[in-house]
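A.B. asks: Sharing target30.txt below, compact mmCIF, N, CA, C and O atoms:
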```
# COMPACT_ATOMS: atom_id res chain seq x y z
N MET A 1 -22.01 1.50 -23.55
CA MET A 1 -23.14 0.89 -22.88
C MET A 1 -23.93 1.97 -22.14
O MET A 1 -23.34 2.80 -21.46
N GLU A 2 -25.23 1.94 -22.27
CA GLU A 2 -26.06 2.96 -21.64
C GLU A 2 -26.31 2.62 -20.17
O GLU A 2 -26.38 1.47 -19.79
N LEU A 3 -26.46 3.67 -19.36
CA LEU A 3 -26.74 3.48 -17.94
C LEU A 3 -28.05 2.75 -17.72
O LEU A 3 -28.20 2.02 -16.75
N SER A 4 -29.01 2.93 -18.60
CA SER A 4 -30.30 2.28 -18.42
C SER A 4 -30.20 0.76 -18.50
O SER A 4 -31.09 0.05 -18.06
N MET A 5 -29.11 0.26 -19.04
CA MET A 5 -28.92 -1.19 -19.15
C MET A 5 -28.50 -1.80 -17.81
O MET A 5 -28.55 -3.01 -17.65
N TYR A 6 -28.05 -0.99 -16.89
CA TYR A 6 -27.62 -1.48 -15.58
C TYR A 6 -28.76 -1.38 -14.58
O TYR A 6 -29.41 -0.36 -14.45
N SER A 7 -28.98 -2.44 -13.86
CA SER A 7 -29.97 -2.40 -12.78
C SER A 7 -29.29 -1.86 -11.52
O SER A 7 -28.06 -1.76 -11.45
N LYS A 8 -30.10 -1.54 -10.53
CA LYS A 8 -29.54 -1.05 -9.26
C LYS A 8 -28.65 -2.10 -8.63
O LYS A 8 -27.61 -1.79 -8.05
N SER A 9 -29.02 -3.37 -8.76
CA SER A 9 -28.20 -4.43 -8.17
C SER A 9 -26.86 -4.54 -8.89
O SER A 9 -25.84 -4.86 -8.29
N ARG A 10 -26.85 -4.24 -10.19
CA ARG A 10 -25.58 -4.28 -10.94
C ARG A 10 -24.66 -3.15 -10.47
O ARG A 10 -23.46 -3.35 -10.32
N PHE A 11 -25.22 -1.97 -10.23
CA PHE A 11 -24.41 -0.88 -9.69
C PHE A 11 -23.84 -1.27 -8.32
O PHE A 11 -22.68 -1.01 -8.04
N TYR A 12 -24.67 -1.92 -7.50
CA TYR A 12 -24.21 -2.35 -6.18
C TYR A 12 -23.09 -3.38 -6.33
O TYR A 12 -22.08 -3.31 -5.63
N ASP A 13 -23.26 -4.33 -7.25
CA ASP A 13 -22.23 -5.35 -7.48
C ASP A 13 -20.91 -4.71 -7.91
O ASP A 13 -19.83 -5.11 -7.45
N LEU A 14 -20.99 -3.70 -8.77
CA LEU A 14 -19.78 -3.01 -9.21
C LEU A 14 -19.13 -2.25 -8.06
O LEU A 14 -17.90 -2.22 -7.93
N GLU A 15 -19.96 -1.63 -7.22
CA GLU A 15 -19.43 -0.92 -6.05
C GLU A 15 -18.71 -1.89 -5.12
O GLU A 15 -17.58 -1.61 -4.67
N VAL A 16 -19.33 -3.03 -4.84
CA VAL A 16 -18.72 -4.04 -3.96
C VAL A 16 -17.41 -4.54 -4.55
O VAL A 16 -16.41 -4.66 -3.84
N MET A 17 -17.40 -4.82 -5.85
CA MET A 17 -16.19 -5.30 -6.51
C MET A 17 -15.06 -4.27 -6.36
O MET A 17 -13.93 -4.63 -6.02
N CYS A 18 -15.37 -3.00 -6.56
CA CYS A 18 -14.35 -1.95 -6.44
C CYS A 18 -13.82 -1.86 -5.00
O CYS A 18 -12.62 -1.71 -4.79
N ARG A 19 -14.72 -1.96 -4.03
CA ARG A 19 -14.29 -1.90 -2.63
C ARG A 19 -13.43 -3.11 -2.26
O ARG A 19 -12.45 -2.98 -1.52
N GLU A 20 -13.77 -4.28 -2.78
CA GLU A 20 -12.97 -5.48 -2.52
C GLU A 20 -11.58 -5.35 -3.13
O GLU A 20 -10.58 -5.69 -2.51
N ARG A 21 -11.53 -4.83 -4.34
CA ARG A 21 -10.23 -4.63 -5.00
C ARG A 21 -9.40 -3.60 -4.24
O ARG A 21 -8.18 -3.75 -4.12
N ALA A 22 -10.04 -2.57 -3.76
CA ALA A 22 -9.33 -1.55 -2.97
C ALA A 22 -8.78 -2.16 -1.68
O ALA A 22 -7.66 -1.84 -1.27
N ALA A 23 -9.55 -3.04 -1.03
CA ALA A 23 -9.09 -3.68 0.20
C ALA A 23 -7.87 -4.55 -0.08
O ALA A 23 -6.91 -4.55 0.69
N VAL A 24 -7.90 -5.28 -1.18
CA VAL A 24 -6.74 -6.11 -1.56
C VAL A 24 -5.54 -5.23 -1.85
O VAL A 24 -4.42 -5.51 -1.41
N ALA A 25 -5.76 -4.15 -2.58
CA ALA A 25 -4.66 -3.22 -2.91
C ALA A 25 -4.07 -2.62 -1.65
O ALA A 25 -2.85 -2.46 -1.54
N ARG A 26 -4.93 -2.28 -0.67
CA ARG A 26 -4.46 -1.70 0.59
C ARG A 26 -3.57 -2.71 1.33
O ARG A 26 -2.50 -2.36 1.83
N LYS A 27 -4.02 -3.96 1.38
CA LYS A 27 -3.22 -4.99 2.05
C LYS A 27 -1.88 -5.18 1.35
O LYS A 27 -0.85 -5.33 1.99
N GLU A 28 -1.90 -5.16 0.02
CA GLU A 28 -0.65 -5.31 -0.73
C GLU A 28 0.26 -4.12 -0.49
O GLU A 28 1.47 -4.28 -0.31
N MET A 29 -0.30 -2.92 -0.46
CA MET A 29 0.49 -1.72 -0.19
C MET A 29 1.13 -1.81 1.20
O MET A 29 2.32 -1.52 1.36
N GLU A 30 0.35 -2.23 2.19
CA GLU A 30 0.87 -2.35 3.55
C GLU A 30 2.00 -3.38 3.61
O GLU A 30 3.00 -3.18 4.29
N TYR A 31 1.84 -4.47 2.87
CA TYR A 31 2.90 -5.49 2.82
C TYR A 31 4.18 -4.89 2.25
O TYR A 31 5.26 -5.05 2.83
N TRP A 32 4.08 -4.20 1.13
CA TRP A 32 5.28 -3.65 0.49
C TRP A 32 5.91 -2.53 1.31
O TRP A 32 7.14 -2.39 1.34
N LEU A 33 5.10 -1.74 2.01
CA LEU A 33 5.67 -0.71 2.89
C LEU A 33 6.41 -1.36 4.06
O LEU A 33 7.49 -0.90 4.45
N ALA A 34 5.86 -2.44 4.60
CA ALA A 34 6.54 -3.16 5.68
C ALA A 34 7.84 -3.77 5.16
O ALA A 34 8.87 -3.76 5.85
N GLU A 35 7.82 -4.28 3.96
CA GLU A 35 9.02 -4.85 3.34
C GLU A 35 10.10 -3.77 3.17
O GLU A 35 11.27 -3.99 3.47
N ALA A 36 9.69 -2.60 2.71
CA ALA A 36 10.62 -1.48 2.55
C ALA A 36 11.21 -1.07 3.89
O ALA A 36 12.42 -0.80 4.00
N ASP A 37 10.37 -1.02 4.93
CA ASP A 37 10.85 -0.67 6.27
C ASP A 37 11.88 -1.68 6.76
O ASP A 37 12.89 -1.31 7.36
N GLU A 38 11.61 -2.95 6.49
CA GLU A 38 12.56 -3.99 6.92
C GLU A 38 13.90 -3.83 6.22
O GLU A 38 14.95 -3.94 6.85
N TRP A 39 13.88 -3.54 4.92
CA TRP A 39 15.13 -3.33 4.20
C TRP A 39 15.85 -2.07 4.70
O TRP A 39 17.08 -2.05 4.78
N ALA A 40 15.09 -1.04 5.04
CA ALA A 40 15.70 0.18 5.56
C ALA A 40 16.39 -0.11 6.90
O ALA A 40 17.51 0.36 7.14
N ARG A 41 15.72 -0.87 7.77
CA ARG A 41 16.34 -1.23 9.06
C ARG A 41 17.60 -2.07 8.84
O ARG A 41 18.62 -1.86 9.51
N PHE A 42 17.55 -2.98 7.90
CA PHE A 42 18.71 -3.81 7.61
C PHE A 42 19.86 -2.95 7.09
O PHE A 42 21.00 -3.08 7.53
N ARG A 43 19.53 -2.03 6.18
CA ARG A 43 20.57 -1.13 5.63
C ARG A 43 21.20 -0.30 6.74
O ARG A 43 22.42 -0.16 6.82
N LEU A 44 20.36 0.23 7.63
CA LEU A 44 20.87 1.06 8.71
C LEU A 44 21.71 0.26 9.70
O LEU A 44 22.72 0.75 10.19
N SER A 45 21.30 -0.97 9.96
CA SER A 45 22.07 -1.77 10.91
C SER A 45 23.40 -2.21 10.32
O SER A 45 24.39 -2.35 11.04
N CYS A 46 23.46 -2.39 9.00
CA CYS A 46 24.71 -2.80 8.34
C CYS A 46 25.70 -1.64 8.20
O CYS A 46 26.90 -1.84 8.16
N HIS A 47 25.16 -0.45 8.11
CA HIS A 47 26.02 0.72 7.87
C HIS A 47 25.78 1.78 8.95
O HIS A 47 25.75 2.97 8.68
N GLN A 48 25.65 1.33 10.16
CA GLN A 48 25.31 2.21 11.27
C GLN A 48 26.27 3.39 11.40
O GLN A 48 25.85 4.52 11.63
N GLN A 49 27.55 3.16 11.23
CA GLN A 49 28.52 4.23 11.42
C GLN A 49 28.47 5.25 10.29
O GLN A 49 28.96 6.37 10.46
N GLN A 50 27.85 4.92 9.16
CA GLN A 50 27.81 5.84 8.02
C GLN A 50 26.50 6.61 7.94
O GLN A 50 26.33 7.43 7.06
N VAL A 51 25.58 6.34 8.82
CA VAL A 51 24.26 6.96 8.75
C VAL A 51 24.32 8.37 9.33
O VAL A 51 24.79 8.58 10.43
N SER A 52 23.83 9.31 8.57
CA SER A 52 23.79 10.69 9.05
C SER A 52 22.48 10.92 9.79
O SER A 52 21.50 10.22 9.60
N SER A 53 22.46 11.93 10.63
CA SER A 53 21.25 12.23 11.37
C SER A 53 20.12 12.65 10.43
O SER A 53 18.95 12.39 10.68
N SER A 54 20.46 13.29 9.31
CA SER A 54 19.43 13.69 8.36
C SER A 54 18.76 12.49 7.71
O SER A 54 17.56 12.50 7.45
N GLU A 55 19.50 11.43 7.49
CA GLU A 55 18.92 10.22 6.92
C GLU A 55 17.97 9.57 7.91
O GLU A 55 16.88 9.13 7.55
N LEU A 56 18.34 9.54 9.16
CA LEU A 56 17.45 9.00 10.19
C LEU A 56 16.19 9.83 10.32
O LEU A 56 15.09 9.30 10.43
N THR A 57 16.34 11.15 10.27
CA THR A 57 15.19 12.04 10.34
C THR A 57 14.26 11.80 9.17
O THR A 57 13.04 11.73 9.33
N GLY A 58 14.81 11.62 7.98
CA GLY A 58 14.00 11.34 6.79
C GLY A 58 13.26 10.04 6.92
O GLY A 58 12.10 9.93 6.54
N LEU A 59 13.88 9.02 7.48
CA LEU A 59 13.24 7.73 7.66
C LEU A 59 12.09 7.85 8.66
O LEU A 59 11.01 7.32 8.43
N ILE A 60 12.28 8.61 9.71
CA ILE A 60 11.23 8.79 10.71
C ILE A 60 10.05 9.54 10.10
O ILE A 60 8.90 9.19 10.32
N LYS A 61 10.32 10.54 9.27
CA LYS A 61 9.25 11.31 8.62
C LYS A 61 8.45 10.42 7.67
O LYS A 61 7.24 10.56 7.57
N LEU A 62 9.10 9.49 6.98
CA LEU A 62 8.41 8.60 6.06
C LEU A 62 7.45 7.67 6.81
O LEU A 62 6.38 7.38 6.32
N LYS A 63 7.83 7.25 7.99
CA LYS A 63 7.00 6.33 8.75
C LYS A 63 5.78 7.03 9.32
O LYS A 63 4.75 6.42 9.52
N GLY A 64 5.90 8.31 9.63
CA GLY A 64 4.83 9.07 10.27
C GLY A 64 3.73 9.34 9.35
O GLY A 64 2.63 9.14 9.38
```
For this file, produce the structure as structure tokens.

C.D. replies:
Amino acid sequence: MELSMYSKSRFYDLEVMCRERAAVARKEMEYWLAEADEWARFRLSCHQQQVSSSELTGLIKLKG
């Protein structure tokens, strides 16, 4: 498809669609990162005596 077939409003519509999809993807990413953090906290609380300081340091670095 040639660029001349697109009007300026069509380019704007495509830009808006991409930004909306990115916003949804960001929210989904944040949800899954929070889910991973929750599982990590659960794992650490269940196996507290087996957790090494390096594992805790790695978890803190991931959150930062």

A.B. asks: What gap, in Å, lies between atom CA of A:Leu44 and atom CA of A:Gly58?

C.D. replies: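 So the two atoms, atom CA of A:Leu44 and atom CA of A:Gly58, lie 12.5 Å apart.
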
A.B. asks: Just give me the gap between atom O of A:Arg10 and atom C of A:Arg26 in Å, one decimal is fine.

C.D. replies: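 A separation of 23.1 Å between them.
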
A.B. asks: Separation of atom N of A:Val16 and atom N of A:Glu35, in Å?

C.D. replies: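 The value is 28.6 Å.
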
A.B. asks: Write stretch 6-17 of chain A as a compact mmCIF listing (two decimals), keeping the file's coordinate frame, completed to all heavy atoms.

C.D. replies:
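Saved file part22.txt follows:
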```txt
# COMPACT_ATOMS: atom_id res chain seq x y z
N TYR A 6 -28.05 -0.99 -16.89
CA TYR A 6 -27.62 -1.48 -15.58
C TYR A 6 -28.76 -1.38 -14.58
O TYR A 6 -29.41 -0.36 -14.45
CB TYR A 6 -26.45 -0.64 -15.04
CG TYR A 6 -25.13 -0.91 -15.71
CD1 TYR A 6 -24.50 0.09 -16.44
CD2 TYR A 6 -24.50 -2.13 -15.59
CE1 TYR A 6 -23.27 -0.14 -17.05
CE2 TYR A 6 -23.28 -2.37 -16.20
CZ TYR A 6 -22.67 -1.37 -16.92
OH TYR A 6 -21.47 -1.61 -17.52
N SER A 7 -28.98 -2.44 -13.86
CA SER A 7 -29.97 -2.40 -12.78
C SER A 7 -29.29 -1.86 -11.52
O SER A 7 -28.06 -1.76 -11.45
CB SER A 7 -30.51 -3.80 -12.52
OG SER A 7 -29.49 -4.63 -11.99
N LYS A 8 -30.10 -1.54 -10.53
CA LYS A 8 -29.54 -1.05 -9.26
C LYS A 8 -28.65 -2.10 -8.63
O LYS A 8 -27.61 -1.79 -8.05
CB LYS A 8 -30.65 -0.65 -8.29
CG LYS A 8 -31.32 0.64 -8.65
CD LYS A 8 -32.33 1.05 -7.59
CE LYS A 8 -32.99 2.35 -7.96
NZ LYS A 8 -33.92 2.80 -6.94
N SER A 9 -29.02 -3.37 -8.76
CA SER A 9 -28.20 -4.43 -8.17
C SER A 9 -26.86 -4.54 -8.89
O SER A 9 -25.84 -4.86 -8.29
CB SER A 9 -28.92 -5.77 -8.18
OG SER A 9 -29.16 -6.21 -9.50
N ARG A 10 -26.85 -4.24 -10.19
CA ARG A 10 -25.58 -4.28 -10.94
C ARG A 10 -24.66 -3.15 -10.47
O ARG A 10 -23.46 -3.35 -10.32
CB ARG A 10 -25.86 -4.14 -12.44
CG ARG A 10 -24.62 -4.17 -13.30
CD ARG A 10 -23.93 -5.51 -13.26
NE ARG A 10 -22.76 -5.47 -14.12
CZ ARG A 10 -21.64 -6.12 -13.88
NH1 ARG A 10 -21.54 -6.89 -12.84
NH2 ARG A 10 -20.63 -6.01 -14.70
N PHE A 11 -25.22 -1.97 -10.23
CA PHE A 11 -24.41 -0.88 -9.69
C PHE A 11 -23.84 -1.27 -8.32
O PHE A 11 -22.68 -1.01 -8.04
CB PHE A 11 -25.25 0.41 -9.53
CG PHE A 11 -25.48 1.14 -10.82
CD1 PHE A 11 -26.76 1.36 -11.28
CD2 PHE A 11 -24.41 1.62 -11.56
CE1 PHE A 11 -26.98 2.05 -12.46
CE2 PHE A 11 -24.61 2.31 -12.74
CZ PHE A 11 -25.91 2.52 -13.20
N TYR A 12 -24.67 -1.92 -7.50
CA TYR A 12 -24.21 -2.35 -6.18
C TYR A 12 -23.09 -3.38 -6.33
O TYR A 12 -22.08 -3.31 -5.63
CB TYR A 12 -25.37 -2.94 -5.37
CG TYR A 12 -24.92 -3.46 -4.03
CD1 TYR A 12 -24.62 -2.59 -2.99
CD2 TYR A 12 -24.78 -4.83 -3.81
CE1 TYR A 12 -24.19 -3.06 -1.76
CE2 TYR A 12 -24.35 -5.31 -2.59
CZ TYR A 12 -24.06 -4.43 -1.56
OH TYR A 12 -23.63 -4.90 -0.36
N ASP A 13 -23.26 -4.33 -7.25
CA ASP A 13 -22.23 -5.35 -7.48
C ASP A 13 -20.91 -4.71 -7.91
O ASP A 13 -19.83 -5.11 -7.45
CB ASP A 13 -22.68 -6.34 -8.56
CG ASP A 13 -23.83 -7.22 -8.12
OD1 ASP A 13 -24.08 -7.33 -6.89
OD2 ASP A 13 -24.49 -7.81 -9.00
N LEU A 14 -20.99 -3.70 -8.77
CA LEU A 14 -19.78 -3.01 -9.21
C LEU A 14 -19.13 -2.25 -8.06
O LEU A 14 -17.90 -2.22 -7.93
CB LEU A 14 -20.10 -2.06 -10.37
CG LEU A 14 -20.47 -2.76 -11.69
CD1 LEU A 14 -21.03 -1.75 -12.68
CD2 LEU A 14 -19.27 -3.49 -12.26
N GLU A 15 -19.96 -1.63 -7.22
CA GLU A 15 -19.43 -0.92 -6.05
C GLU A 15 -18.71 -1.89 -5.12
O GLU A 15 -17.58 -1.61 -4.67
CB GLU A 15 -20.58 -0.25 -5.29
CG GLU A 15 -20.12 0.43 -4.01
CD GLU A 15 -21.27 0.90 -3.14
OE1 GLU A 15 -22.44 0.85 -3.59
OE2 GLU A 15 -21.00 1.31 -2.00
N VAL A 16 -19.33 -3.03 -4.84
CA VAL A 16 -18.72 -4.04 -3.96
C VAL A 16 -17.41 -4.54 -4.55
O VAL A 16 -16.41 -4.66 -3.84
CB VAL A 16 -19.70 -5.21 -3.69
CG1 VAL A 16 -19.00 -6.37 -3.01
CG2 VAL A 16 -20.88 -4.72 -2.86
N MET A 17 -17.40 -4.82 -5.85
CA MET A 17 -16.19 -5.30 -6.51
C MET A 17 -15.06 -4.27 -6.36
O MET A 17 -13.93 -4.63 -6.02
CB MET A 17 -16.45 -5.56 -7.99
CG MET A 17 -15.21 -6.04 -8.75
SD MET A 17 -15.41 -6.00 -10.53
CE MET A 17 -15.50 -4.24 -10.84
```
